[in-house]
4 protein chains.
Amino acid sequence: MEQLGVALVGVGTLGKRHAENVRWRIPEAKLIAVADADAKRAAQVAADLRIPHCYEDLGSVLEREDVRAVAIAAPSKFHAKVIEEAALQGKHIFCEKPLALSLGDADKALAVVAKAGVQLQIGFMRRYDPAYVAAQQQIEAGEIGDPVIFKSVARDQQPPPLSFFQGGVNGSIFSDAAIHDLDLARWMMKDEVTGIHSYAGVLACPELAPLGDVDATLVNLRFSRGGIGNIEAFRKSTYGYDIRTEVLGTKGAVHVGHLRQTAFDVLNKDGIRHDAVNHWLVRFADAYLEEMRDFVRNVLADKPVRVTGQDGRRALIAALAAEQSFRESRPVEIRQEAGPASALHV
Amino acid sequence: MEQLGVALVGVGTLGKRHAENVRWRIPEAKLIAVADADAKRAAQVAADLRIPHCYEDLGSVLEREDVRAVAIAAPSKFHAKVIEEAALQGKHIFCEKPLALSLGDADKALAVVAKAGVQLQIGFMRRYDPAYVAAQQQIEAGEIGDPVIFKSVARDQQPPPLSFFQGGVNGSIFSDAAIHDLDLARWMMKDEVTGIHSYAGVLACPELAPLGDVDATLVNLRFSRGGIGNIEAFRKSTYGYDIRTEVLGTKGAVHVGHLRQTAFDVLNKDGIRHDAVNHWLVRFADAYLEEMRDFVRNVLADKPVRVTGQDGRRALIAALAAEQSFRESRPVEIRQEAGPASALHV
Amino acid sequence: MEQLGVALVGVGTLGKRHAENVRWRIPEAKLIAVADADAKRAAQVAADLRIPHCYEDLGSVLEREDVRAVAIAAPSKFHAKVIEEAALQGKHIFCEKPLALSLGDADKALAVVAKAGVQLQIGFMRRYDPAYVAAQQQIEAGEIGDPVIFKSVARDQQPPPLSFFQGGVNGSIFSDAAIHDLDLARWMMKDEVTGIHSYAGVLACPELAPLGDVDATLVNLRFSRGGIGNIEAFRKSTYGYDIRTEVLGTKGAVHVGHLRQTAFDVLNKDGIRHDAVNHWLVRFADAYLEEMRDFVRNVLADKPVRVTGQDGRRALIAALAAEQSFRESRPVEIRQEAGPASALHV
Amino acid sequence: MEQLGVALVGVGTLGKRHAENVRWRIPEAKLIAVADADAKRAAQVAADLRIPHCYEDLGSVLEREDVRAVAIAAPSKFHAKVIEEAALQGKHIFCEKPLALSLGDADKALAVVAKAGVQLQIGFMRRYDPAYVAAQQQIEAGEIGDPVIFKSVARDQQPPPLSFFQGGVNGSIFSDAAIHDLDLARWMMKDEVTGIHSYAGVLACPELAPLGDVDATLVNLRFSRGGIGNIEAFRKSTYGYDIRTEVLGTKGAVHVGHLRQTAFDVLNKDGIRHDAVNHWLVRFADAYLEEMRDFVRNVLADKPVRVTGQDGRRALIAALAAEQSFRESRPVEIRQEAGPASALHV
């Protein structure tokens with residue numbers, strides 16, 4: 001069996017999970033190296049997972065000829081730059097969302113990727129979640145008629161640690177969190193977002209206020225064919241990690257998401273109680289594995305990957321528009337012409 | 001519109017509900033009188049519901065010519081006797097379960113009813129509950145193939161007051177509680193019970209031990225065509241009034257029952273919590289109304305009632321067999337010949 | 001027992017339900033008369049419910065001295081006018097939502113009511129639904145901390161008949177449907193709406209397009225203390241009548257609504273299937289009864305009613321703003337000053 | 001890190017899963033060899049999982065010094081014999097349920113194990129399932145008071161292939177299927193079964209009749225301290241793999257099991273539909289991994305394993321009693337004295 005040599009760039013919480021998946025659960029891939037700006041963390045992960053090589057600098061990873069693909073889970077701010085460098089070295093690329101934090105960076109990276117002729121997949125893992133996949137199959141089978149309303153909720157049980165928000169390296173609630181739902185909106189509605197309006201605020205995490213970020217937003221959407229939608233992102237629901245999506249069509253609806261983790265209830269005089277999903281690594285464990293497996297297989301088979309750089313770019317445009325709407329207190333229109341420069345028409 | 005003149009005999013908790021239903025919610029019926037051995041209670045209910053007449057003795061009620069039907073909700077011990085007297089006066093009869101507390105009493109009452117040519121409906125209200133009706137329709141439509149396994153759970157949140165158990169006027173957990181499930185077993189399996197084995201005990205209500213009753217039983221069933229079943233009755237589940245039934249067939253299953261009363265959840269760091277149904281008058285409010293409405297309509301239309309004295313007798317036989325199995329620590333066989341004397345073969 | 005003499009004005013589907021409740025289920029009230037512009041309908045309802053009087057014209061009803069209160073379920077366009085006339089005759093008033101279709105009409109009616117010194121309750125029945133009541137109690141008990149996000153969904157299984165939309169007598173999706181959720185938003189968030197943005201369209205009922213109405217809207221909300229919200233109204237979900245509300249707080253959340261009508265599941269190789277609530281008269285049967293009972297009791301006790309004309313006015317302002325936002329493609333700000341003229345600042 | 005050398009004996013469906021878990025997911029273990037009477041199957045699994053050695057005969061495996069523990073997933077009939085041989089070679093043993101198919105075989109194997117001083121864990125994996133673990137923690141924390149009623153349902157979606165039932169190598173529905181629930185009964189009730197009554201039959205899989213097995217049973221239980229219980233095993237529920245357990249106590253209850261696999265619903269005019277768990281490898285994926293990990297860790301740490309040979313023996317006694325009850329149409333009493341000979345008192 002041919003194996004795809006992979007290097008992991010960035011091994012924080014999610015990067016380590018990707019590393020574990022490549023190392024243990026995808027026989028078609030061989031995890032050759034991990035790299036992290038934090039050399040100690042890279043070494044630790046390499047030791048834990050028994051990976052042969054670890055690096056502090058990107059260059060050394062990209063020099064290796066046995067590394068044919070890189071998976072990027074560095075902070076969002078560095079995504080575009082790492083993509084560019086990897087593409088210049090002819091590596092295929094799996095990159096966590098978002099593609100970039102600005103449209104300029106995104107377009108520059110995509111141009112380099114295009115020129116290098118390498119593959120680029122964006123980590124919108126929900127497209128690989130069994131529940132979303134099942135829902136999408138129903139839509140494609142015509143079970144709900146034409147999809148006309150898209151609703152999505154994305155609630156973290158607790159916000160990431162404060163360090164996550166500092167320095168702006170991970171984007172805003174729009175480009176970091178709601179971007180998943182904006183991608184789902186395009187994918188499940190089979191349409192593009194053309195109008196966006198958002199309200200937002202610091203409602204439950206006052207520690208975010210000094211950092212200029214918000215912890216809650218409601219994003220109203222209008223699609224090119226007339227459909228409408230709404231996305232909620234909230235950083236602190238306290239009761240669980242709650243991801244739910246509904247798509248309503250002219251003949252029915254699909255719902256994704258279920259407020260339960262463990263198949264167990266306690267019943268007493270105070271009522272009936274169960275738990276909720278508590279973490280994204282639990283909720284999307286299968287999805288993180290499946291997206292990487294699919295990337296590896298498509299690269300090996302020289303087939304196009306399923307979630308492309310253009311998908312990453314479209315979702316980024318919508319996320320930036322949602323943030324702009326909030327900042328400027330007005331709806332933002334998005335033009336859908338071909339050219340990148342005109343994409344965000346404000 | 002012709003109205004059926006009805007008298008209510010016994011106006012405790014359930015009798016009063018029947019009275020309210022006849023008084024307010026069944027236009028085809030006219031509630032003429034209530035009777036109760038407790039004259040004060042009869043007077044109070046008559047006042048509350050604005051019913052013209054109330055009596056302490058049965059005879060005065062039965063003398064009234066405008067009373068064409070009686071609904072009996074007196075203690076179980078008196079059911080058979082009241083049925084007899086009412087039948088002798090030519091009244092049509094709706095009687096709460098059980099038909100009687102002994103097979104001898106049951107057969108005597110049925111003989112009088114047969115001779116008088118009046119109608120007799122037994123209050124197995126679950127047959128009128130929308131969920132049970134829907135389940136039965138699925139079974140009859142062949143959706144589950146042949147029904148082969150019957151499972152039922154009947155849990156009171158709290159036992160009735162101690163006075164309910166005193167004097168043996170309300171039967172045992174078998175003839176008072178499990179008898180509902182024994183009737184459902186016959187109805188939903190379209191078969192007769194031929195073998196019974198039960199374990200039972202005082203598990204949660206030690207105050208019942210001196211009275212010779214038990215608060216929990218598990219009754220294993222075998223049906224004439226080979227199907228099997230199990231019924232649980234429990235007097236004190238604490239978390240709610242929990243009635244659930246499953247019928248498994250060769251091609252699928254139906255489940256009846258749902259552990260929720262109010263459409264509302266609280267979600268916090270301790271989990272997700274909702275309430276449970278808390279009382280049989282809540283769970284079966286529709287069923288109590290529908291059974292009475294159906295009785296009234298069938299009597300007025302001179303059509304046979306849907307839950308007959310024979311149904312009451314068959315369920316009683318099974319309940320007595322379940323109790324005997326517990327008392328004698330052995331399975332009990334039930335013969336299904338025509339004659340009453342041979343019905344319970346021990 | 002003193003009884004409140006009530007007349008019902010408008011006995012379409014909902015008016016008839018109110019009439020049944022007053023007639024049969026509220027002993028403190030006496031239903032004296034029904035009136036309807038459709039004389040035949042009035043006569044039919046009077047006959048069905050055995051109500052002594054029926055009228056074609058409002059004046060004859062209001063002349064009756066034994067009628068101390070009127071319940072109005074006429075088309076929305078006539079609400080304000082009927083309120084005025086009833087108030088001028090000194091009748092207490094229960095009026096279906098919306099209070100009026102324009103702010104001018106609303107203010108004129110409220111002025112007459114204030115001058116007449118009669119009570120006016122608006123039919124926001126969800127405030128009386130057991131699930132909403134339970135949720136609100138949790139909020140008031142501090143179980144979710146400070147409420148910060150309000151989400152609500154209101155989906156009809158099928159739209160009302162086309163005649164409902166003709167002539168504009170019943171308002172738009174904003175003033176007819178979303179107004180319930182706008183009232184809940186104020187009630188559950190304990191705050192006022194200050195900003196509104198909506199997208200809307202004809203998505204599933206093309207027959208509405210020629211009438212100038214829409215069948216779907218998503219309304220983004222901002223509250224005075226910083227909270228945010230979103231309301232969906234949709235006329236044709238096909239799978240059921242789906243009303244769900246979530247309020248998220250700093251310490252937890254409450255959810256109202258549950259996608260099930262009958263406590264029964266069918267399980268076979270195609271999956272597990274249950275039904276959904278199919279009609280608003282089913283979902284809110286208790287609420288319609290409780291709101292009327294509460295109105296009657298408060299009027300008899302000379303206590304203030306719980307859902308006031310001002311509540312009706314505030315919800316109307318928000319509904320009009322939502323419609324304006326859609327028509328003008330921009331967010332609309334709502335001023336909260338005392339005076340009526342400045343309430344809607346556009 | 002010290003690693004425990006493990007060999008897998010029997011690599012059918014479940015054996016292969018154990019092999020995968022040891023190979024990929026338990027860093028403290030090293031999978032040295034697989035063995036299977038079907039040499040081709042052994043070779044295939046070794047190749048798939050990149051395991052260094054594979055054997056057709058048990059002796060060669062047990063000779064290896066680097067193999068310190070064996071995991072047995074051969075047909076049930078051979079469990080006791082393989083345990084004996086492995087124990088004689090000083091290997092620690094993980095063995096799938098049941099311990100044996102006869103009490104004589106079980107006692108003989110346990111005697112050899114005791115003499116050899118090796119560890120023996122029985123594969124009652126449900127004790128490691130997160131939902132059962134959570135339920136048990138609630139019981140141990142006193143949340144339900146004293147457990148008094150045990151209910152369990154175990155339904156296969158479809159029966160195993162006919163070959164599974166042929167030759168009697170896998171025991172009956174009692175020793176193969178219901179034995180899991182009998183183990184749970186002891187574990188969750190913290191008590192021993194002293195009385196058993198069962199009804200059983202061939203209800204949905206007529207192809208089993210010629211083989212002398214049944215496809216459905218309901219087993220009534222009585223415990224030594226007075227508690228009661230019932231277990232259902234059914235080979236063909238068609239709608240899913242349905243494992244549910246309830247334990248009722250004097251102050252509340254716990255329920256384990258949830259009829260849903262994928263977090264996704266389809267809603268249309270026919271109702272609301274979701275899927276069910278379809279396979280035991282899906283439902284208990286975590287449990288199979290956790291039990292093996294726990295075995296490996298305890299062996300390495302020289303600590304006693306958590307599910308012992310005595311647990312296997314007690315469950316077997318109950319399973320044999322249940323079968324005897326069915327065969328002889330009478331309840332069977334189980335003595336709980338120390339000695340093995342008297343355990344099953346018939």
# chains A, B, ... in the order shown; residues from 1 in each chain; ligands from 1
>>> select_by_dssp(residues="range 96-342 of chain A", states="strand (DSSP E)", output="number ranges by chain")
A: 120-122, 147-155, 193-201, 216-223, 228-234, 242-249, 252-256, 264-268, 271-274, 332-333
>>> residues_around(residues="Trp24 in chain B", least_positions_apart="6", cutoff="12 Å", atoms="only C-alpha atoms", output="ChimeraX atom specification")
/B:16-18,30-31,48-51,289,293 /C:20-27,49
>>> interface_residues(of="chain C", to="chain D", cutoff="8 Å", atoms="only C-alpha atoms", output="short mmCIF file (atom, residue, chain, number, x, y, z; two decimals) with C-alpha atoms, in the first residue's frame")
data_model
loop_
_atom_site.label_atom_id
_atom_site.label_comp_id
_atom_site.auth_asym_id
_atom_site.auth_seq_id
_atom_site.Cartn_x
_atom_site.Cartn_y
_atom_site.Cartn_z
CA THR C 238 -45.28 20.86 6.25
CA TYR C 239 -44.13 18.54 9.07
CA GLY C 240 -46.04 20.20 11.89
CA LEU C 267 -39.96 1.49 14.89
CA ASN C 268 -39.03 -0.49 11.83
CA LYS C 269 -36.22 -0.94 9.37
CA ASP C 270 -36.76 2.58 8.04
CA GLY C 271 -36.04 4.13 11.41
CA ILE C 272 -37.99 5.44 14.36
CA ARG C 273 -40.89 7.74 13.66
CA HIS C 274 -43.27 9.87 15.69
CA ASP C 275 -45.72 12.60 14.91
CA ALA C 276 -45.53 16.34 15.47
#
>>> select_by_dssp(residues="range 65-222 of chain A", states="helix (DSSP H, G or I)", output="ChimeraX atom specification")
/A:76-88,103-116,125-128,130-140,162-168,173-189,206-211
>>> write_last_selection(atoms="C-alpha atoms", output="mmCIF file, in the first residue's frame")
data_model
loop_
_atom_site.group_PDB
_atom_site.id
_atom_site.type_symbol
_atom_site.label_atom_id
_atom_site.label_comp_id
_atom_site.auth_asym_id
_atom_site.auth_seq_id
_atom_site.Cartn_x
_atom_site.Cartn_y
_atom_site.Cartn_z
ATOM 1 C CA SER A 76 -5.326 31.287 12.016
ATOM 2 C CA LYS A 77 -3.215 34.346 11.383
ATOM 3 C CA PHE A 78 -0.427 32.172 9.987
ATOM 4 C CA HIS A 79 -2.552 29.928 7.791
ATOM 5 C CA ALA A 80 -2.125 31.872 4.568
ATOM 6 C CA LYS A 81 1.616 32.258 4.992
ATOM 7 C CA VAL A 82 2.185 28.567 5.728
ATOM 8 C CA ILE A 83 0.003 27.612 2.784
ATOM 9 C CA GLU A 84 2.097 29.765 0.514
ATOM 10 C CA GLU A 85 5.368 28.320 1.697
ATOM 11 C CA ALA A 86 4.112 24.763 1.519
ATOM 12 C CA ALA A 87 2.711 25.300 -1.948
ATOM 13 C CA LEU A 88 5.995 26.794 -3.109
ATOM 14 C CA LEU A 103 -9.364 38.574 1.901
ATOM 15 C CA GLY A 104 -6.049 39.908 0.643
ATOM 16 C CA ASP A 105 -4.080 37.183 2.391
ATOM 17 C CA ALA A 106 -6.539 34.575 1.188
ATOM 18 C CA ASP A 107 -6.291 35.608 -2.445
ATOM 19 C CA LYS A 108 -2.510 35.758 -2.333
ATOM 20 C CA ALA A 109 -2.318 32.252 -0.883
ATOM 21 C CA LEU A 110 -4.811 30.869 -3.384
ATOM 22 C CA ALA A 111 -2.835 32.347 -6.245
ATOM 23 C CA VAL A 112 0.323 30.609 -5.076
ATOM 24 C CA VAL A 113 -1.540 27.330 -4.630
ATOM 25 C CA ALA A 114 -3.001 27.618 -8.110
ATOM 26 C CA LYS A 115 0.351 28.303 -9.645
ATOM 27 C CA ALA A 116 1.994 25.432 -7.778
ATOM 28 C CA MET A 125 -14.962 19.070 9.217
ATOM 29 C CA ARG A 126 -18.713 19.294 9.763
ATOM 30 C CA ARG A 127 -19.173 18.327 6.138
ATOM 31 C CA TYR A 128 -17.822 14.923 7.205
ATOM 32 C CA PRO A 130 -22.236 11.520 9.998
ATOM 33 C CA ALA A 131 -25.259 13.577 11.008
ATOM 34 C CA TYR A 132 -24.538 16.402 8.581
ATOM 35 C CA VAL A 133 -23.734 13.891 5.871
ATOM 36 C CA ALA A 134 -27.029 12.103 6.460
ATOM 37 C CA ALA A 135 -28.924 15.387 6.402
ATOM 38 C CA GLN A 136 -27.251 16.468 3.208
ATOM 39 C CA GLN A 137 -28.096 13.150 1.575
ATOM 40 C CA GLN A 138 -31.736 13.718 2.400
ATOM 41 C CA ILE A 139 -31.588 17.166 0.846
ATOM 42 C CA GLU A 140 -29.908 15.837 -2.262
ATOM 43 C CA LEU A 162 -8.085 33.967 27.325
ATOM 44 C CA SER A 163 -4.761 33.494 25.571
ATOM 45 C CA PHE A 164 -6.676 32.261 22.555
ATOM 46 C CA PHE A 165 -8.202 35.699 22.111
ATOM 47 C CA GLN A 166 -5.041 37.705 22.701
ATOM 48 C CA GLY A 167 -3.034 39.190 19.879
ATOM 49 C CA GLY A 168 -5.798 38.634 17.362
ATOM 50 C CA ILE A 173 -16.147 35.084 16.612
ATOM 51 C CA PHE A 174 -17.113 35.542 12.963
ATOM 52 C CA SER A 175 -13.983 34.194 11.296
ATOM 53 C CA ASP A 176 -13.217 31.627 13.993
ATOM 54 C CA ALA A 177 -16.624 30.254 15.008
ATOM 55 C CA ALA A 178 -19.493 31.360 12.769
ATOM 56 C CA ILE A 179 -17.400 30.534 9.708
ATOM 57 C CA HIS A 180 -18.289 26.855 10.153
ATOM 58 C CA ASP A 181 -21.977 27.675 9.898
ATOM 59 C CA LEU A 182 -21.387 30.022 6.975
ATOM 60 C CA ASP A 183 -19.733 27.148 5.152
ATOM 61 C CA LEU A 184 -22.621 24.836 6.022
ATOM 62 C CA ALA A 185 -25.033 27.488 4.792
ATOM 63 C CA ARG A 186 -23.433 27.465 1.335
ATOM 64 C CA TRP A 187 -23.124 23.704 1.272
ATOM 65 C CA MET A 188 -26.604 22.770 2.459
ATOM 66 C CA MET A 189 -28.496 25.545 0.679
ATOM 67 C CA PRO A 206 -16.722 40.396 30.159
ATOM 68 C CA GLU A 207 -13.045 39.491 29.988
ATOM 69 C CA LEU A 208 -13.324 39.661 26.193
ATOM 70 C CA ALA A 209 -14.392 43.298 26.116
ATOM 71 C CA PRO A 210 -10.899 44.779 26.543
ATOM 72 C CA LEU A 211 -9.700 42.564 23.687
#
>>> residues_around(residues="range 54-70 of chain C", least_positions_apart="2", cutoff="9 Å", atoms="only C-alpha atoms", output="PyMOL selection string")
chain C and resi 4-9+31-40+42-43+45-46+51-52+72+82-83+85-86+89-95+296+299
>>> residues_around(residues="Ile122 in chain C", least_positions_apart="3", cutoff="10 Å", atoms="only C-alpha atoms", output="PyMOL selection string")
chain C and resi 71-72+93-99+125+291+295+305-313
>>> write_last_selection(atoms="N, CA, C and O atoms", output="PDB file, in the first residue's frame")
ATOM      1  N   ALA C  71     -65.172  39.708  24.345  1.00  0.00           N
ATOM      2  CA  ALA C  71     -63.939  39.087  23.857  1.00  0.00           C
ATOM      3  C   ALA C  71     -63.956  39.220  22.355  1.00  0.00           C
ATOM      4  O   ALA C  71     -64.906  38.788  21.700  1.00  0.00           O
ATOM      5  N   ILE C  72     -62.900  39.812  21.807  1.00  0.00           N
ATOM      6  CA  ILE C  72     -62.874  40.168  20.386  1.00  0.00           C
ATOM      7  C   ILE C  72     -61.968  39.219  19.607  1.00  0.00           C
ATOM      8  O   ILE C  72     -60.767  39.121  19.894  1.00  0.00           O
ATOM      9  N   ILE C  93     -62.560  44.452  28.165  1.00  0.00           N
ATOM     10  CA  ILE C  93     -62.253  43.929  26.835  1.00  0.00           C
ATOM     11  C   ILE C  93     -61.102  42.925  26.863  1.00  0.00           C
ATOM     12  O   ILE C  93     -60.036  43.203  27.409  1.00  0.00           O
ATOM     13  N   PHE C  94     -61.357  41.790  26.266  1.00  0.00           N
ATOM     14  CA  PHE C  94     -60.295  40.869  25.913  1.00  0.00           C
ATOM     15  C   PHE C  94     -60.204  40.927  24.398  1.00  0.00           C
ATOM     16  O   PHE C  94     -61.198  40.681  23.703  1.00  0.00           O
ATOM     17  N   CYS C  95     -59.027  41.257  23.860  1.00  0.00           N
ATOM     18  CA  CYS C  95     -58.896  41.357  22.404  1.00  0.00           C
ATOM     19  C   CYS C  95     -57.746  40.495  21.905  1.00  0.00           C
ATOM     20  O   CYS C  95     -56.636  40.545  22.421  1.00  0.00           O
ATOM     21  N   GLU C  96     -58.023  39.728  20.875  1.00  0.00           N
ATOM     22  CA  GLU C  96     -56.967  38.959  20.217  1.00  0.00           C
ATOM     23  C   GLU C  96     -55.855  39.883  19.724  1.00  0.00           C
ATOM     24  O   GLU C  96     -56.099  41.048  19.414  1.00  0.00           O
ATOM     25  N   LYS C  97     -54.647  39.343  19.600  1.00  0.00           N
ATOM     26  CA  LYS C  97     -53.574  40.099  18.989  1.00  0.00           C
ATOM     27  C   LYS C  97     -53.842  40.185  17.500  1.00  0.00           C
ATOM     28  O   LYS C  97     -54.527  39.290  16.984  1.00  0.00           O
ATOM     29  N   PRO C  98     -53.330  41.180  16.786  1.00  0.00           N
ATOM     30  CA  PRO C  98     -52.647  42.349  17.326  1.00  0.00           C
ATOM     31  C   PRO C  98     -53.663  43.385  17.813  1.00  0.00           C
ATOM     32  O   PRO C  98     -54.817  43.374  17.378  1.00  0.00           O
ATOM     33  N   LEU C  99     -53.192  44.271  18.643  1.00  0.00           N
ATOM     34  CA  LEU C  99     -54.034  45.356  19.140  1.00  0.00           C
ATOM     35  C   LEU C  99     -54.636  46.145  17.971  1.00  0.00           C
ATOM     36  O   LEU C  99     -55.806  46.551  18.001  1.00  0.00           O
ATOM     37  N   MET C 125     -51.543  34.500  24.207  1.00  0.00           N
ATOM     38  CA  MET C 125     -51.856  33.339  25.034  1.00  0.00           C
ATOM     39  C   MET C 125     -50.629  32.541  25.435  1.00  0.00           C
ATOM     40  O   MET C 125     -50.670  31.795  26.407  1.00  0.00           O
ATOM     41  N   GLU C 291     -55.763  31.942  29.581  1.00  0.00           N
ATOM     42  CA  GLU C 291     -55.747  33.395  29.452  1.00  0.00           C
ATOM     43  C   GLU C 291     -57.142  33.969  29.678  1.00  0.00           C
ATOM     44  O   GLU C 291     -57.304  35.009  30.310  1.00  0.00           O
ATOM     45  N   PHE C 295     -58.369  36.436  32.660  1.00  0.00           N
ATOM     46  CA  PHE C 295     -59.048  37.696  32.358  1.00  0.00           C
ATOM     47  C   PHE C 295     -60.332  37.813  33.178  1.00  0.00           C
ATOM     48  O   PHE C 295     -60.592  38.821  33.840  1.00  0.00           O
ATOM     49  N   VAL C 305     -55.435  43.317  34.703  1.00  0.00           N
ATOM     50  CA  VAL C 305     -55.155  42.156  33.863  1.00  0.00           C
ATOM     51  C   VAL C 305     -53.655  42.056  33.652  1.00  0.00           C
ATOM     52  O   VAL C 305     -52.911  43.014  33.855  1.00  0.00           O
ATOM     53  N   ARG C 306     -53.218  40.859  33.201  1.00  0.00           N
ATOM     54  CA  ARG C 306     -51.776  40.618  33.150  1.00  0.00           C
ATOM     55  C   ARG C 306     -51.107  40.966  31.822  1.00  0.00           C
ATOM     56  O   ARG C 306     -49.903  41.135  31.773  1.00  0.00           O
ATOM     57  N   VAL C 307     -51.856  40.981  30.749  1.00  0.00           N
ATOM     58  CA  VAL C 307     -51.246  41.330  29.452  1.00  0.00           C
ATOM     59  C   VAL C 307     -52.001  42.540  28.935  1.00  0.00           C
ATOM     60  O   VAL C 307     -53.146  42.429  28.497  1.00  0.00           O
ATOM     61  N   THR C 308     -51.367  43.681  28.997  1.00  0.00           N
ATOM     62  CA  THR C 308     -52.081  44.950  28.862  1.00  0.00           C
ATOM     63  C   THR C 308     -52.062  45.498  27.445  1.00  0.00           C
ATOM     64  O   THR C 308     -51.359  45.003  26.563  1.00  0.00           O
ATOM     65  N   GLY C 309     -52.829  46.560  27.274  1.00  0.00           N
ATOM     66  CA  GLY C 309     -52.804  47.286  26.020  1.00  0.00           C
ATOM     67  C   GLY C 309     -51.408  47.790  25.677  1.00  0.00           C
ATOM     68  O   GLY C 309     -51.008  47.803  24.512  1.00  0.00           O
ATOM     69  N   GLN C 310     -50.659  48.206  26.683  1.00  0.00           N
ATOM     70  CA  GLN C 310     -49.285  48.658  26.418  1.00  0.00           C
ATOM     71  C   GLN C 310     -48.431  47.509  25.892  1.00  0.00           C
ATOM     72  O   GLN C 310     -47.556  47.711  25.042  1.00  0.00           O
ATOM     73  N   ASP C 311     -48.656  46.300  26.412  1.00  0.00           N
ATOM     74  CA  ASP C 311     -47.944  45.137  25.861  1.00  0.00           C
ATOM     75  C   ASP C 311     -48.298  44.950  24.389  1.00  0.00           C
ATOM     76  O   ASP C 311     -47.438  44.677  23.555  1.00  0.00           O
ATOM     77  N   GLY C 312     -49.574  45.114  24.098  1.00  0.00           N
ATOM     78  CA  GLY C 312     -50.007  44.987  22.707  1.00  0.00           C
ATOM     79  C   GLY C 312     -49.370  46.055  21.835  1.00  0.00           C
ATOM     80  O   GLY C 312     -48.983  45.796  20.685  1.00  0.00           O
ATOM     81  N   ARG C 313     -49.260  47.249  22.375  1.00  0.00           N
ATOM     82  CA  ARG C 313     -48.696  48.366  21.616  1.00  0.00           C
ATOM     83  C   ARG C 313     -47.200  48.161  21.356  1.00  0.00           C
ATOM     84  O   ARG C 313     -46.704  48.391  20.260  1.00  0.00           O
TER      85      ARG C 313
END
>>> closest_residue(among="D:Ala19, D:Ala322, D:Gly252, D:Ala263", to="Gln158 in chain B", atoms="only C-alpha atoms")
D:Gly252
>>> atom_distance(atom1="CA of Lys236 in chain C", atom2="CA of Glu246 in chain A")
14.7 Å
>>> closest_residue(among="D:Tyr241, D:Trp280, D:Phe326, D:Phe150", to="Glu192 in chain D", atoms="only C-alpha atoms")
D:Phe150
>>> atom_distance(atom1="CA of Val247 in chain A", atom2="CA of His258 in chain C")
17.6 Å
